[in-house]
Each structure stands twice: as structure tokens, then as C-alpha cells.
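Shown next: upload.cif, given as mmCIF, C-alpha atoms.
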data_entry
#
loop_
_atom_site.group_PDB
_atom_site.id
_atom_site.type_symbol
_atom_site.label_atom_id
_atom_site.label_comp_id
_atom_site.auth_asym_id
_atom_site.auth_seq_id
_atom_site.Cartn_x
_atom_site.Cartn_y
_atom_site.Cartn_z
ATOM 1 C CA MET T 15 120.128 69.449 82.047
ATOM 2 C CA SER T 16 123.142 71.619 82.737
ATOM 3 C CA LYS T 17 122.905 74.907 84.605
ATOM 4 C CA GLU T 18 123.776 76.760 81.389
ATOM 5 C CA ASN T 19 120.963 75.014 79.505
ATOM 6 C CA VAL T 20 118.482 75.812 82.259
ATOM 7 C CA ILE T 21 119.430 79.503 82.086
ATOM 8 C CA SER T 22 119.319 79.460 78.283
ATOM 9 C CA LYS T 23 115.855 77.898 78.272
ATOM 10 C CA ALA T 24 114.602 80.378 80.848
ATOM 11 C CA LEU T 25 115.928 83.272 78.758
ATOM 12 C CA GLN T 26 114.155 81.924 75.686
ATOM 13 C CA GLN T 27 110.910 81.760 77.625
ATOM 14 C CA ALA T 28 111.498 85.343 78.745
ATOM 15 C CA GLY T 29 111.949 86.468 75.152
ATOM 16 C CA GLY T 30 115.714 86.612 75.470
ATOM 17 C CA ASN T 31 115.521 89.470 77.951
ATOM 18 C CA PRO T 32 117.332 88.661 81.217
ATOM 19 C CA TYR T 33 115.730 91.626 82.977
ATOM 20 C CA HIS T 34 112.243 90.183 82.473
ATOM 21 C CA LEU T 35 113.401 86.842 83.828
ATOM 22 C CA LEU T 36 115.111 88.359 86.866
ATOM 23 C CA ASP T 37 112.136 90.654 87.470
ATOM 24 C CA ASP T 38 109.748 87.708 87.696
ATOM 25 C CA LEU T 39 112.046 85.916 90.125
ATOM 26 C CA TYR T 40 112.763 89.010 92.194
ATOM 27 C CA ILE T 41 109.137 90.082 92.634
ATOM 28 C CA SER T 42 108.062 86.649 93.846
ATOM 29 C CA LEU T 43 110.931 86.563 96.352
ATOM 30 C CA ASP T 44 110.562 90.195 97.388
ATOM 31 C CA ARG T 45 106.863 89.813 98.250
ATOM 32 C CA GLU T 46 107.841 87.216 100.846
ATOM 33 C CA GLN T 47 109.996 89.866 102.581
ATOM 34 C CA ILE T 48 107.365 92.626 102.806
ATOM 35 C CA ARG T 49 106.605 93.452 106.442
ATOM 36 C CA ARG T 50 105.283 97.007 106.760
ATOM 37 C CA THR T 51 104.713 98.493 103.303
ATOM 38 C CA LYS T 52 102.065 95.983 102.364
ATOM 39 C CA ASN T 53 100.598 97.843 99.395
ATOM 40 C CA ILE T 54 103.779 97.412 97.297
ATOM 41 C CA ARG T 55 102.753 93.770 96.872
ATOM 42 C CA LEU T 56 100.602 95.204 94.065
ATOM 43 C CA ILE T 57 103.508 96.464 91.932
ATOM 44 C CA PRO T 58 103.055 94.730 88.557
ATOM 45 C CA ASP T 59 105.684 92.900 86.567
ATOM 46 C CA VAL T 60 107.919 94.847 84.213
ATOM 47 C CA LYS T 61 105.688 94.138 81.194
ATOM 48 C CA ASN T 62 102.997 96.218 82.855
ATOM 49 C CA ARG T 63 105.072 98.940 84.479
ATOM 50 C CA ARG T 64 104.526 101.846 82.140
ATOM 51 C CA GLY T 65 104.316 105.627 82.280
ATOM 52 C CA GLY T 66 108.045 106.324 81.880
ATOM 53 C CA LYS T 67 109.034 104.220 84.914
ATOM 54 C CA HIS T 68 109.994 100.573 84.415
ATOM 55 C CA SER T 69 112.301 99.905 87.355
ATOM 56 C CA TYR T 70 110.694 98.084 90.281
ATOM 57 C CA ALA T 71 112.730 100.249 92.657
ATOM 58 C CA GLU T 72 111.553 103.445 90.981
ATOM 59 C CA TRP T 73 107.925 102.378 91.168
ATOM 60 C CA ALA T 74 108.345 101.686 94.896
ATOM 61 C CA HIS T 75 110.131 105.028 95.349
ATOM 62 C CA VAL T 76 107.460 107.069 93.542
ATOM 63 C CA ILE T 77 104.658 105.226 95.328
ATOM 64 C CA GLY T 78 106.274 106.294 98.609
ATOM 65 C CA ILE T 79 106.524 109.935 97.531
ATOM 66 C CA PHE T 80 102.880 110.209 96.569
ATOM 67 C CA GLN T 81 101.614 108.093 99.463
ATOM 68 C CA THR T 82 103.309 110.591 101.779
ATOM 69 C CA LEU T 83 101.770 113.551 99.941
ATOM 70 C CA MET T 84 98.343 111.922 100.130
ATOM 71 C CA PHE T 85 98.703 111.379 103.868
ATOM 72 C CA LEU T 86 99.686 115.010 104.412
ATOM 73 C CA ASN T 87 96.846 116.391 102.308
ATOM 74 C CA LEU T 88 93.883 114.179 103.196
ATOM 75 C CA GLN T 89 91.790 115.593 106.020
ATOM 76 C CA LYS T 90 90.665 112.121 107.062
ATOM 77 C CA LYS T 91 93.040 109.210 106.691
ATOM 78 C CA GLU T 92 90.541 106.455 105.812
ATOM 79 C CA ASN T 93 87.336 105.970 103.829
ATOM 80 C CA ASN T 94 88.323 108.515 101.183
ATOM 81 C CA THR T 95 87.146 108.804 97.605
ATOM 82 C CA ILE T 96 90.192 109.320 95.397
ATOM 83 C CA LEU T 97 90.043 110.104 91.683
ATOM 84 C CA ASP T 98 93.216 109.331 89.727
ATOM 85 C CA VAL T 99 93.226 110.963 86.293
ATOM 86 C CA GLY T 100 95.505 109.162 83.848
ATOM 87 C CA CYS T 101 95.856 106.141 86.115
ATOM 88 C CA GLY T 102 98.004 104.133 83.695
ATOM 89 C CA THR T 103 98.724 100.703 85.143
ATOM 90 C CA GLY T 104 98.035 101.753 88.706
ATOM 91 C CA LEU T 105 101.049 103.371 90.344
ATOM 92 C CA LEU T 106 98.849 105.788 92.319
ATOM 93 C CA ALA T 107 96.243 103.084 92.841
ATOM 94 C CA ILE T 108 98.890 101.401 94.978
ATOM 95 C CA ALA T 109 99.750 104.647 96.780
ATOM 96 C CA SER T 110 96.041 105.224 97.476
ATOM 97 C CA GLU T 111 95.260 101.853 99.046
ATOM 98 C CA PRO T 112 96.047 102.761 102.705
ATOM 99 C CA PHE T 113 93.568 105.667 102.597
ATOM 100 C CA LEU T 114 90.538 103.788 101.273
ATOM 101 C CA GLY T 115 89.643 101.840 104.418
ATOM 102 C CA GLN T 116 86.413 99.857 104.352
ATOM 103 C CA GLY T 117 84.198 102.586 102.934
ATOM 104 C CA GLY T 118 86.469 104.408 100.493
ATOM 105 C CA LYS T 119 86.771 104.221 96.724
ATOM 106 C CA TYR T 120 89.611 104.668 94.251
ATOM 107 C CA LYS T 121 88.495 105.607 90.732
ATOM 108 C CA GLY T 122 91.105 105.431 87.981
ATOM 109 C CA ILE T 123 90.452 107.041 84.583
ATOM 110 C CA ASP T 124 92.629 106.669 81.489
ATOM 111 C CA VAL T 125 92.389 107.080 77.718
ATOM 112 C CA MET T 126 94.473 103.916 77.244
ATOM 113 C CA GLU T 127 92.042 101.003 77.055
ATOM 114 C CA GLU T 128 94.883 98.475 77.360
ATOM 115 C CA ASP T 129 95.907 99.965 80.708
ATOM 116 C CA ILE T 130 92.346 99.949 82.011
ATOM 117 C CA ASP T 131 91.927 96.301 81.020
ATOM 118 C CA PHE T 132 95.125 95.428 82.884
ATOM 119 C CA CYS T 133 94.071 97.346 86.002
ATOM 120 C CA ARG T 134 90.673 95.644 86.132
ATOM 121 C CA GLY T 135 92.381 92.255 86.158
ATOM 122 C CA HIS T 136 95.222 93.181 88.528
ATOM 123 C CA TYR T 137 93.525 95.334 91.201
ATOM 124 C CA THR T 138 90.595 93.133 92.126
ATOM 125 C CA SER T 139 89.476 94.712 95.404
ATOM 126 C CA SER T 140 85.953 96.135 95.387
ATOM 127 C CA SER T 141 87.515 99.410 96.545
ATOM 128 C CA TYR T 142 88.935 99.897 93.039
ATOM 129 C CA GLU T 143 87.065 101.066 89.937
ATOM 130 C CA PHE T 144 88.665 101.689 86.545
ATOM 131 C CA ILE T 145 87.108 103.677 83.712
ATOM 132 C CA HIS T 146 88.206 103.857 80.085
ATOM 133 C CA PHE T 147 87.719 107.464 79.015
ATOM 134 C CA ASP T 148 87.096 107.430 75.280
ATOM 135 C CA THR T 149 88.490 110.794 74.249
ATOM 136 C CA THR T 150 91.418 111.785 72.098
ATOM 137 C CA ASN T 151 94.992 112.642 72.977
ATOM 138 C CA ALA T 152 97.371 113.311 70.105
ATOM 139 C CA PHE T 153 100.155 111.320 71.797
ATOM 140 C CA TYR T 154 98.410 108.557 73.765
ATOM 141 C CA ALA T 155 95.089 108.047 71.976
ATOM 142 C CA PRO T 156 95.067 109.749 68.559
ATOM 143 C CA ALA T 157 92.392 107.441 67.109
ATOM 144 C CA GLN T 158 89.751 108.051 69.769
ATOM 145 C CA THR T 159 86.897 110.549 69.588
ATOM 146 C CA SER T 160 87.945 114.194 69.677
ATOM 147 C CA THR T 161 85.002 115.318 71.811
ATOM 148 C CA ARG T 162 85.924 116.886 75.159
ATOM 149 C CA LYS T 163 83.476 115.584 77.700
ATOM 150 C CA LYS T 164 82.968 115.527 81.423
ATOM 151 C CA TRP T 165 84.279 112.623 83.425
ATOM 152 C CA PRO T 166 81.676 110.067 84.568
ATOM 153 C CA VAL T 167 82.151 111.217 88.163
ATOM 154 C CA GLU T 168 79.584 113.027 90.307
ATOM 155 C CA SER T 169 80.149 116.658 91.196
ATOM 156 C CA ASP T 170 81.395 117.409 94.733
ATOM 157 C CA SER T 171 82.099 113.707 95.393
ATOM 158 C CA VAL T 172 85.907 113.385 95.571
ATOM 159 C CA ASP T 173 88.149 113.968 98.601
ATOM 160 C CA LEU T 174 91.395 113.954 96.609
ATOM 161 C CA ALA T 175 92.193 114.082 92.904
ATOM 162 C CA THR T 176 95.571 113.029 91.534
ATOM 163 C CA ALA T 177 97.160 113.338 88.104
ATOM 164 C CA LEU T 178 100.689 112.037 87.639
ATOM 165 C CA SER T 179 102.183 113.276 84.348
ATOM 166 C CA VAL T 180 98.827 114.104 82.756
ATOM 167 C CA TRP T 181 98.878 117.884 82.409
ATOM 168 C CA THR T 182 102.336 117.385 80.861
ATOM 169 C CA HIS T 183 100.486 115.852 77.874
ATOM 170 C CA LEU T 184 97.560 118.285 77.490
ATOM 171 C CA ASN T 185 97.375 121.217 75.102
ATOM 172 C CA GLU T 186 96.024 124.547 76.309
ATOM 173 C CA GLU T 187 92.329 123.966 75.623
ATOM 174 C CA ASP T 188 92.335 120.433 77.028
ATOM 175 C CA ALA T 189 94.302 121.583 80.076
ATOM 176 C CA LEU T 190 91.766 124.309 80.831
ATOM 177 C CA PHE T 191 88.742 122.075 80.254
ATOM 178 C CA TYR T 192 89.922 119.183 82.411
ATOM 179 C CA PHE T 193 91.335 121.361 85.164
ATOM 180 C CA LYS T 194 87.829 122.731 85.513
ATOM 181 C CA GLU T 195 86.671 119.113 85.777
ATOM 182 C CA ILE T 196 89.027 118.675 88.744
ATOM 183 C CA SER T 197 87.243 121.542 90.476
ATOM 184 C CA ARG T 198 83.804 120.161 89.585
ATOM 185 C CA VAL T 199 84.339 116.698 91.080
ATOM 186 C CA LEU T 200 86.138 117.778 94.274
ATOM 187 C CA LYS T 201 84.217 118.234 97.469
ATOM 188 C CA PRO T 202 84.435 121.722 98.996
ATOM 189 C CA GLY T 203 87.845 121.819 100.674
ATOM 190 C CA GLY T 204 89.050 118.869 98.605
ATOM 191 C CA LYS T 205 92.581 118.862 97.218
ATOM 192 C CA ALA T 206 94.329 117.900 94.001
ATOM 193 C CA ILE T 207 97.915 116.699 93.582
ATOM 194 C CA ILE T 208 98.985 117.334 89.987
ATOM 195 C CA THR T 209 102.399 117.244 88.312
ATOM 196 C CA PHE T 210 103.564 119.788 85.736
ATOM 197 C CA PHE T 211 106.536 121.007 83.818
ATOM 198 C CA LEU T 212 106.281 124.554 85.170
ATOM 199 C CA LEU T 213 108.276 127.246 83.390
ATOM 200 C CA ASP T 214 109.069 129.507 86.322
ATOM 201 C CA GLY T 215 112.109 131.413 87.551
ATOM 202 C CA THR T 216 113.878 128.234 88.626
ATOM 203 C CA TYR T 217 113.436 126.844 85.113
ATOM 204 C CA ARG T 218 114.774 130.016 83.528
ATOM 205 C CA ASP T 219 117.800 129.971 85.827
ATOM 206 C CA SER T 220 118.460 126.347 84.870
ATOM 207 C CA LEU T 221 118.828 127.123 81.187
ATOM 208 C CA ASP T 222 122.232 128.743 81.745
ATOM 209 C CA ILE T 223 122.077 130.843 78.598
ATOM 210 C CA ARG T 224 125.362 132.587 77.755
ATOM 211 C CA SER T 225 126.273 135.019 75.008
ATOM 212 C CA ASN T 226 129.154 133.978 72.759
ATOM 213 C CA GLN T 227 131.672 136.273 71.141
ATOM 214 C CA GLU T 228 129.391 136.967 68.176
ATOM 215 C CA GLY T 229 126.672 138.222 70.493
ATOM 216 C CA ARG T 230 124.417 135.239 69.824
ATOM 217 C CA PHE T 231 122.994 132.979 72.474
ATOM 218 C CA HIS T 232 123.454 129.289 72.950
ATOM 219 C CA MET T 233 122.419 126.846 75.650
ATOM 220 C CA THR T 234 124.786 124.767 77.696
ATOM 221 C CA LYS T 235 121.942 122.722 79.147
ATOM 222 C CA GLN T 236 120.887 119.555 77.345
ATOM 223 C CA ASP T 237 118.000 120.353 75.001
ATOM 224 C CA LEU T 238 115.863 117.473 76.249
ATOM 225 C CA TRP T 239 113.880 119.577 78.726
ATOM 226 C CA VAL T 240 114.036 122.934 77.002
ATOM 227 C CA PHE T 241 110.471 123.977 76.213
ATOM 228 C CA ASP T 242 110.860 126.671 73.572
ATOM 229 C CA GLN T 243 108.246 125.742 70.964
ATOM 230 C CA PRO T 244 104.761 127.326 71.311
ATOM 231 C CA SER T 245 102.219 124.495 71.358
ATOM 232 C CA TYR T 246 99.654 125.159 68.632
ATOM 233 C CA GLY T 247 100.595 128.838 68.694
ATOM 234 C CA SER T 248 99.946 129.242 72.421
ATOM 235 C CA GLU T 249 101.674 131.988 74.372
ATOM 236 C CA MET T 250 101.582 129.950 77.601
ATOM 237 C CA TRP T 251 101.936 126.262 76.660
ATOM 238 C CA PHE T 252 105.209 125.020 75.143
ATOM 239 C CA HIS T 253 106.929 121.825 74.000
ATOM 240 C CA PRO T 254 110.538 120.859 73.138
ATOM 241 C CA LYS T 255 111.872 120.679 69.587
ATOM 242 C CA TRP T 256 112.169 116.894 69.669
ATOM 243 C CA ALA T 257 108.468 116.249 70.350
ATOM 244 C CA ASP T 258 106.765 114.612 67.355
ATOM 245 C CA VAL T 259 103.505 116.124 68.547
ATOM 246 C CA PRO T 260 103.252 118.787 71.261
ATOM 247 C CA GLU T 261 101.361 116.404 73.569
ATOM 248 C CA ASN T 262 104.477 114.251 73.823
ATOM 249 C CA ALA T 263 105.729 116.707 76.473
ATOM 250 C CA ILE T 264 104.057 120.019 77.305
ATOM 251 C CA ALA T 265 105.027 122.689 79.803
ATOM 252 C CA VAL T 266 103.083 125.707 81.033
ATOM 253 C CA ASN T 267 104.425 129.058 82.118
ATOM 254 C CA GLU T 268 103.355 131.039 85.170
ATOM 255 C CA ALA T 269 100.723 133.003 83.251
ATOM 256 C CA GLY T 270 99.199 129.744 82.008
ATOM 257 C CA LEU T 271 99.122 128.299 85.509
ATOM 258 C CA GLU T 272 97.403 131.429 86.775
ATOM 259 C CA ARG T 273 94.824 131.086 84.000
ATOM 260 C CA LEU T 274 94.198 127.438 84.929
ATOM 261 C CA VAL T 275 93.634 128.303 88.579
ATOM 262 C CA GLU T 276 91.388 131.296 87.942
ATOM 263 C CA ASN T 277 89.325 129.511 85.281
ATOM 264 C CA ALA T 278 88.602 126.618 87.652
ATOM 265 C CA GLY T 279 88.134 128.668 90.808
ATOM 266 C CA MET T 280 90.857 126.719 92.604
ATOM 267 C CA GLY T 281 93.685 127.847 94.856
ATOM 268 C CA LEU T 282 97.350 126.838 94.595
ATOM 269 C CA ILE T 283 98.505 126.022 98.124
ATOM 270 C CA GLU T 284 101.858 124.274 97.650
ATOM 271 C CA HIS T 285 104.597 123.822 95.037
ATOM 272 C CA HIS T 286 107.449 121.306 95.110
ATOM 273 C CA GLN T 287 110.096 121.994 92.452
ATOM 274 C CA GLY T 288 110.866 119.156 90.056
ATOM 275 C CA ASN T 289 114.411 117.892 89.677
ATOM 276 C CA TRP T 290 114.062 118.067 85.878
ATOM 277 C CA LYS T 291 115.212 121.678 86.404
ATOM 278 C CA GLU T 292 118.548 120.381 87.723
ATOM 279 C CA VAL T 293 117.718 121.342 91.299
ATOM 280 C CA PRO T 294 116.954 119.038 94.236
ATOM 281 C CA GLY T 295 113.304 118.000 94.171
ATOM 282 C CA ALA T 296 110.867 115.523 95.671
ATOM 283 C CA PHE T 297 110.047 114.141 92.220
ATOM 284 C CA PHE T 298 111.109 114.520 88.594
ATOM 285 C CA GLN T 299 108.249 116.854 87.622
ATOM 286 C CA ASP T 300 106.935 119.801 89.597
ATOM 287 C CA ILE T 301 104.284 118.738 92.115
ATOM 288 C CA LEU T 302 101.540 121.320 92.616
ATOM 289 C CA ILE T 303 98.824 120.999 95.231
ATOM 290 C CA PHE T 304 95.515 122.800 94.760
ATOM 291 C CA GLN T 305 92.442 123.186 96.936
ATOM 292 C CA LYS T 306 88.820 123.828 96.123
ATOM 293 C CA PRO T 307 87.301 126.556 98.318
#
Please render this file's structure as C-alpha cells.
Amino acid sequence: MSKENVISKALQQAGGNPYHLLDDLYISLDREQIRRTKNIRLIPDVKNRRGGKHSYAEWAHVIGIFQTLMFLNLQKKENNTILDVGCGTGLLAIASEPFLGQGGKYKGIDVMEEDIDFCRGHYTSSSYEFIHFDTTNAFYAPAQTSTRKKWPVESDSVDLATALSVWTHLNEEDALFYFKEISRVLKPGGKAIITFFLLDGTYRDSLDIRSNQEGRFHMTKQDLWVFDQPSYGSEMWFHPKWADVPENAIAVNEAGLERLVENAGMGLIEHHQGNWKEVPGAFFQDILIFQKP
């Protein structure tokens, strides 16, 4: 068989998508080269890289960002209990692995049953536990039960909670309810690393609103990340015009963030600006770090 026929057959087996074919080949070869960052061996194939990030390189990059943040914010470096809300297909499960040790536990929760099923088959260590949380989300799980309920996690049992692009898909009432859940499950002194679209002064500066000759206003910034639509009539939670449902992408203003923190009895201890605001940032979304007293 000619080289061209071999490639053609391989592409057919890959569904005609050369990226899928190259991804399978690259991952198998790349794993042989891993020397020091051993947990990236767990990065799944492209069919199971979800959550807005499909590139292998971007998964590795984001894993490194959050692994560093975990290291800096965990009081002890091994044998931790880590709760990952909205775990998806396990990006932060990979970032968490170095901090579990022999006695630690990673618990991933998600409303997407398909993602939980994948994680249970892919992350087979006894240090991992994955929970399908059967509650509704208008964007990710519209057909599931609408009842807000507590997570199946003991109170005061978690060293670190994480939520990567979760509060960016929660309306006001859900955001308040589940932020209080973060506080409930954390141990005293425990921390939470949560990403947001935060509508603060840096965001307002980024809009670059100018008045035209008629005295009206228009935006020079691309509308993609302009959150100017009140979500379900809220005065603190907003979504962009293009969102089919608000939960597709939701931002909170400073008053809303203050309400979240006060309602849960948490403290905001650190804020890293997101580069979605067209400023240099550690990550695309804002990263906020909270601590339970």
C-alpha cells in the first residue's frame, strides 16, 4: 500500500479529521518524553478535552497555572482533600494529583453525566472520586431536576475547593446558594480558587466607550465579552447579547461579588485579573482566591 493510501485510510478511521489522527500519534509519542511533569500523562485525547479548551498545549498550560496556584495556597503539600466543582473531563484532577499523596482525596462533581462517566474510566487511581450531581443548569443540563441541593460532601472536610469556569455559568440565586456550599465544605482556614468574569474597574476601562459626533455612544471593543444584559432582571449578574440563555456566559459586578462573600462568610484574599479584559493576566478569566475563617 502506498504512503498516500496509508494516510488516506488513517484519515478515514479518524473520521476525516487530521487533527484527531495527529493528536493520537502525538500523545503516545509525547508520553515517552515526559521526565518531570508526570501528571500530564493523564491529559485525555482530543475527543475528551472539553470545557472550551481542546488544544493539548493549552490543557498542559492551564494545568500548570492551577497546579502552581494550588501549591501556593495549600498549607500542607500532600494528603489533601480537594473538591473540584464542575470537574468536566478532569483538567484540575490532573493539576491536583501531586498534592494528594498517599492519604489525600480528589472529589470531582459535575452536572454532565457523560463527563463523569469518562472521568471514572480514565482516572482510575483510588485517590480519585467522581460524582454526577443531578441538578439543572440552563446551559449544560437543562433536562435535569431543578432542585438546588447540597453537595454530597461532608461539612468542614475539604482543604481546597476549585471551580474552573463554573460561576461563569450560574445565575444569581444559584451562585449565592453554591458559594455558600463552598464555605460549608471547607475546613476552617481552607481556601477556594474560583474563576469569574468580574465586572470591575479594569473591565470598565477595557470597554473603550467613545462618544460620536451625534452624542451617542458606541463600543470599539469586540462585543464578545461585553456583559450588558441583566441576567433574569438582576442588578449584579449580567450576560452578553449573543448568549442564547444567560448561563451560557455570566459575569458579576463588584456589588454581586461582595454579596457572595458576605452571604457565605468567606474572605477574598487574592485577585488575578483575567486577560479577557485585554490586559495581561495569568489566565483567561479572573482568578479569585477565598478563605474560610
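Only residues having an atom at most 12 Å from (90.5, 97.9, 100.1) are included; using all atoms listed in the file, these are T:Lys52, T:Asn53, T:Glu92, T:Asn93, T:Asn94, T:Thr95, T:Ala107, T:Ile108, T:Ala109, T:Ser110, T:Glu111, T:Pro112, T:Phe113, T:Leu114, T:Gly115, T:Gln116, T:Gly117, T:Gly118, T:Lys119, T:Tyr120, T:Tyr137, T:Thr138, T:Ser139, T:Ser140, T:Ser141, T:Tyr142, T:Glu143.
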Evaluate the PyMOL selection byres ((chain T and resi 261-264) around 9) here and jot the selected residues down as a tab-separated table (two decimals) with C-alpha atoms, in the frame of the given file.
chain	number	residue	atom	x	y	z
T	151	ASN	CA	94.99	112.64	72.98
T	152	ALA	CA	97.37	113.31	70.10
T	153	PHE	CA	100.16	111.32	71.80
T	154	TYR	CA	98.41	108.56	73.76
T	181	TRP	CA	98.88	117.88	82.41
T	182	THR	CA	102.34	117.38	80.86
T	183	HIS	CA	100.49	115.85	77.87
T	184	LEU	CA	97.56	118.28	77.49
T	185	ASN	CA	97.38	121.22	75.10
T	210	PHE	CA	103.56	119.79	85.74
T	211	PHE	CA	106.54	121.01	83.82
T	239	TRP	CA	113.88	119.58	78.73
T	241	PHE	CA	110.47	123.98	76.21
T	245	SER	CA	102.22	124.50	71.36
T	251	TRP	CA	101.94	126.26	76.66
T	252	PHE	CA	105.21	125.02	75.14
T	253	HIS	CA	106.93	121.82	74.00
T	254	PRO	CA	110.54	120.86	73.14
T	257	ALA	CA	108.47	116.25	70.35
T	258	ASP	CA	106.76	114.61	67.36
T	259	VAL	CA	103.50	116.12	68.55
T	260	PRO	CA	103.25	118.79	71.26
T	265	ALA	CA	105.03	122.69	79.80
T	266	VAL	CA	103.08	125.71	81.03
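Here the question is which of T:Tyr217, T:Phe193, T:Tyr246, T:Phe132 gets nearest to Gln305 (chain T) using all atoms listed in the file, and that residue is T:Phe193.
Between Asn62 (chain T) and the candidates T:Leu105, T:Leu36, T:Ala189, T:Val240, the tightest atom-to-atom separation, counting all atoms listed in the file, involves T:Leu105.
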List as a PyMOL selection string the protein and nucleic acid residues near Asp124 (chain T), meaning an atom at most 12 Å away when only C-alpha atoms are counted, but skip any in the same chain fewer than 5 places from it.
chain T and resi 65+97-104+129-133+143-151+154-155+165-166+177-180
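Nearest-residue note for Pro32 (chain T): choosing from T:Ile77, T:Val60, T:Ile48, T:Leu213, the minimum distance belongs to T:Val60, counting all atoms listed in the file.
In this structure, CA of Ala175 (chain T) sits 27.5 Å away from CA of Glu249 (chain T).
Take CA of Leu35 (chain T) and CA of Glu127 (chain T): the distance between them is 26.5 Å.
Counting all atoms listed in the file and comparing T:Ser220, T:Leu302, T:Leu106, T:Arg273, the residue that lies closest to Gly78 (chain T) is T:Leu106.
Remark: for Glu128 (chain T), the closest of the candidate residues T:Arg45, T:Ile96, T:Ala278, T:Arg64 is T:Arg64 (distances computed over all atoms listed in the file).
The residue set within 12 Å of His285 (chain T), counting all atoms listed in the file and dropping same-chain residues fewer than 6 places from it, reads Leu83, Ala206, Ile207, Ile208, Thr209, Phe210, Phe211, Leu212, Asp214, Leu271, Gly295, Ala296, Phe297, Gln299, Asp300, Ile301, Leu302, Ile303 and Phe304 of chain T.
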Just to be explicit: take each residue in the selection above, keep C-alpha atoms, and write the result as a JSON list (two decimals), in the frame of the given file.
[["chain", "number", "residue", "atom", "x", "y", "z"],
["T", 83, "LEU", "CA", 101.77, 113.55, 99.94],
["T", 206, "ALA", "CA", 94.33, 117.90, 94.00],
["T", 207, "ILE", "CA", 97.92, 116.70, 93.58],
["T", 208, "ILE", "CA", 98.98, 117.33, 89.99],
["T", 209, "THR", "CA", 102.40, 117.24, 88.31],
["T", 210, "PHE", "CA", 103.56, 119.79, 85.74],
["T", 211, "PHE", "CA", 106.54, 121.01, 83.82],
["T", 212, "LEU", "CA", 106.28, 124.55, 85.17],
["T", 214, "ASP", "CA", 109.07, 129.51, 86.32],
["T", 271, "LEU", "CA", 99.12, 128.30, 85.51],
["T", 295, "GLY", "CA", 113.30, 118.00, 94.17],
["T", 296, "ALA", "CA", 110.87, 115.52, 95.67],
["T", 297, "PHE", "CA", 110.05, 114.14, 92.22],
["T", 299, "GLN", "CA", 108.25, 116.85, 87.62],
["T", 300, "ASP", "CA", 106.94, 119.80, 89.60],
["T", 301, "ILE", "CA", 104.28, 118.74, 92.12],
["T", 302, "LEU", "CA", 101.54, 121.32, 92.62],
["T", 303, "ILE", "CA", 98.82, 121.00, 95.23],
["T", 304, "PHE", "CA", 95.52, 122.80, 94.76]]
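For the residues T:Ile57, T:Leu174, T:Val167, T:Met126, ranking by smallest atom-to-atom distance to Ser69 (chain T) using only C-alpha atoms places T:Ile57 first.
Interatomic distance, CA of Gly281 (chain T) against CA of Lys90 (chain T): 20.1 Å.
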